[in-house]
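Undergrad: After the structure tokens below, expect a handful of questions from me.
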Amino acid sequence: MTRTLLAATLLLSLAAPAVAGGAAAPVTQVQPGTPAAVMAALKAAGYKVTMEPAQADRDPTMTFTSGGHEVQVWLSGCKSGVCSRATASTSWDYSDAEDLDLDVVNEWNSTYYTQAYAYEGSYYLDSTLAIRGGFTQATVKAWIAEYLEDASAFEEELPGA
């Protein structure tokens, strides 16, 4: 009886944070792939995140700034409020340049896991994290930290850097 009571007490104490969810949840607790949970994980990692107003024809999008980089995080594959992917994206405007140097993009993509591309006068760097089925706050924190390191390194490779 004492063992059963002790086990039940332990189970309830571990389950309480799961009911609360969000930013107060332990960093190793699996979070649902929802816009609110991704935003809470980014905030828990120390970023000031702004959720863009919802639009019927647009994926949920949030923005934060770190180290001089404005990062957009947009969620895709969303069904019934749960999304399948989170993509971090940063851009550098080179619209005044005659042509963008695609060798920079190609060399980057042959070496790094983040994806670089050129589009309409800008260079972009993206990284995608699969979130359907859940993620932990620790995973989001590590993903964004690695992404920001790559963004700084990519910026150094850009023309005129």
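Residue numbering restarts at 1 for every chain of the structure tokens, chains are lettered A, B, ... in their displayed order, and ligands are numbered from 1 as they appear.
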DSSP on the backbone: what in region 5-150 of chain A comes out helix (DSSP H, G or I), as a ChimeraX atom specification?
TA: /A:5-20,22-24,35-44,102-109,137-150
Undergrad: Between CA of Ala45 (chain A) and CA of Lys141 (chain A), what distance in Å does the model show, to one decimal?
TA: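 Atom-to-atom, CA of Ala45 (chain A) and CA of Lys141 (chain A) are spaced 5.5 Å apart.
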Undergrad: Need to verify the contact set: Leu100 (chain A), 12 Å, only C-alpha atoms, exclusion of same-chain residues closer than 5 positions in sequence. Can you return it as a PDB file with N, CA, C and O atoms, in the first residue's frame?
TA:
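Just written: out.pdb:
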ATOM      1  N   TRP A  92      19.435  38.908 -46.354  1.00  0.00           N
ATOM      2  CA  TRP A  92      20.347  40.036 -46.524  1.00  0.00           C
ATOM      3  C   TRP A  92      20.003  40.676 -47.861  1.00  0.00           C
ATOM      4  O   TRP A  92      20.070  40.024 -48.906  1.00  0.00           O
ATOM      5  N   ASP A  93      19.660  41.949 -47.849  1.00  0.00           N
ATOM      6  CA  ASP A  93      19.223  42.670 -49.041  1.00  0.00           C
ATOM      7  C   ASP A  93      20.425  43.122 -49.871  1.00  0.00           C
ATOM      8  O   ASP A  93      21.265  43.880 -49.392  1.00  0.00           O
ATOM      9  N   TYR A  94      20.485  42.635 -51.098  1.00  0.00           N
ATOM     10  CA  TYR A  94      21.510  43.035 -52.053  1.00  0.00           C
ATOM     11  C   TYR A  94      20.836  43.534 -53.326  1.00  0.00           C
ATOM     12  O   TYR A  94      21.345  43.375 -54.423  1.00  0.00           O
ATOM     13  N   SER A  95      19.677  44.173 -53.185  1.00  0.00           N
ATOM     14  CA  SER A  95      18.909  44.606 -54.355  1.00  0.00           C
ATOM     15  C   SER A  95      19.651  45.655 -55.177  1.00  0.00           C
ATOM     16  O   SER A  95      19.349  45.836 -56.354  1.00  0.00           O
ATOM     17  N   VAL A 105      26.428  30.804 -52.623  1.00  0.00           N
ATOM     18  CA  VAL A 105      25.319  29.935 -52.212  1.00  0.00           C
ATOM     19  C   VAL A 105      25.673  28.471 -52.437  1.00  0.00           C
ATOM     20  O   VAL A 105      25.478  27.633 -51.549  1.00  0.00           O
ATOM     21  N   ASN A 106      26.192  28.150 -53.610  1.00  0.00           N
ATOM     22  CA  ASN A 106      26.519  26.758 -53.924  1.00  0.00           C
ATOM     23  C   ASN A 106      27.598  26.200 -53.010  1.00  0.00           C
ATOM     24  O   ASN A 106      27.509  25.064 -52.546  1.00  0.00           O
ATOM     25  N   TYR A 117      20.087  30.398 -50.313  1.00  0.00           N
ATOM     26  CA  TYR A 117      19.598  30.613 -51.669  1.00  0.00           C
ATOM     27  C   TYR A 117      19.507  32.104 -51.941  1.00  0.00           C
ATOM     28  O   TYR A 117      19.543  32.930 -51.024  1.00  0.00           O
ATOM     29  N   ALA A 118      19.424  32.438 -53.231  1.00  0.00           N
ATOM     30  CA  ALA A 118      19.280  33.824 -53.666  1.00  0.00           C
ATOM     31  C   ALA A 118      17.913  33.953 -54.312  1.00  0.00           C
ATOM     32  O   ALA A 118      17.496  33.084 -55.089  1.00  0.00           O
ATOM     33  N   TYR A 119      17.214  35.057 -53.978  1.00  0.00           N
ATOM     34  CA  TYR A 119      15.869  35.248 -54.517  1.00  0.00           C
ATOM     35  C   TYR A 119      15.541  36.740 -54.513  1.00  0.00           C
ATOM     36  O   TYR A 119      15.672  37.400 -53.470  1.00  0.00           O
ATOM     37  N   GLU A 120      15.169  37.248 -55.668  1.00  0.00           N
ATOM     38  CA  GLU A 120      14.725  38.637 -55.828  1.00  0.00           C
ATOM     39  C   GLU A 120      15.625  39.661 -55.125  1.00  0.00           C
ATOM     40  O   GLU A 120      15.174  40.477 -54.329  1.00  0.00           O
ATOM     41  N   GLY A 121      16.918  39.594 -55.411  1.00  0.00           N
ATOM     42  CA  GLY A 121      17.847  40.595 -54.906  1.00  0.00           C
ATOM     43  C   GLY A 121      18.294  40.414 -53.472  1.00  0.00           C
ATOM     44  O   GLY A 121      18.895  41.317 -52.889  1.00  0.00           O
ATOM     45  N   SER A 122      18.043  39.259 -52.888  1.00  0.00           N
ATOM     46  CA  SER A 122      18.460  39.000 -51.504  1.00  0.00           C
ATOM     47  C   SER A 122      19.050  37.606 -51.385  1.00  0.00           C
ATOM     48  O   SER A 122      18.713  36.699 -52.146  1.00  0.00           O
ATOM     49  N   TYR A 123      19.932  37.469 -50.397  1.00  0.00           N
ATOM     50  CA  TYR A 123      20.426  36.151 -49.992  1.00  0.00           C
ATOM     51  C   TYR A 123      19.594  35.718 -48.792  1.00  0.00           C
ATOM     52  O   TYR A 123      19.254  36.528 -47.931  1.00  0.00           O
ATOM     53  N   TYR A 124      19.291  34.437 -48.708  1.00  0.00           N
ATOM     54  CA  TYR A 124      18.523  33.874 -47.599  1.00  0.00           C
ATOM     55  C   TYR A 124      19.267  32.687 -47.009  1.00  0.00           C
ATOM     56  O   TYR A 124      19.985  31.981 -47.722  1.00  0.00           O
ATOM     57  N   LEU A 158      29.347  36.581 -47.503  1.00  0.00           N
ATOM     58  CA  LEU A 158      28.643  37.394 -48.495  1.00  0.00           C
ATOM     59  C   LEU A 158      29.554  38.462 -49.090  1.00  0.00           C
ATOM     60  O   LEU A 158      30.480  38.936 -48.422  1.00  0.00           O
ATOM     61  N   PRO A 159      29.308  38.839 -50.338  1.00  0.00           N
ATOM     62  CA  PRO A 159      30.129  39.869 -50.977  1.00  0.00           C
ATOM     63  C   PRO A 159      30.144  41.160 -50.154  1.00  0.00           C
ATOM     64  O   PRO A 159      29.117  41.581 -49.618  1.00  0.00           O
ATOM     65  N   GLY A 160      31.315  41.756 -50.029  1.00  0.00           N
ATOM     66  CA  GLY A 160      31.465  43.001 -49.306  1.00  0.00           C
ATOM     67  C   GLY A 160      31.551  42.856 -47.802  1.00  0.00           C
ATOM     68  O   GLY A 160      31.625  43.831 -47.077  1.00  0.00           O
TER      69      GLY A 160
END
Undergrad: Nearest to Gly67 (chain A): which of A:Lys79, A:Tyr47, A:Ala116, A:Asp96 is it, counting only C-alpha atoms?
TA: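 Ranking A:Lys79, A:Tyr47, A:Ala116, A:Asp96 by distance to Gly67 (chain A), first place goes to A:Tyr47.
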Undergrad: Which neighbours of Thr111 (chain A) fall inside 12 Å, counting only C-alpha atoms, when residues of the same chain fewer than 6 positions from it are skipped, and could you give them as a list in words?
TA: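 Contacts, with the query itself left out: Val104, Val105, Asp150, Ala153 and Phe154 of chain A.
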Undergrad: As number ranges by chain, please: the residues near region 80-82 of chain A (cut-off 9 Å, only C-alpha atoms, same-chain neighbours under 5 positions excluded).
TA: A: 32-35, 131-132
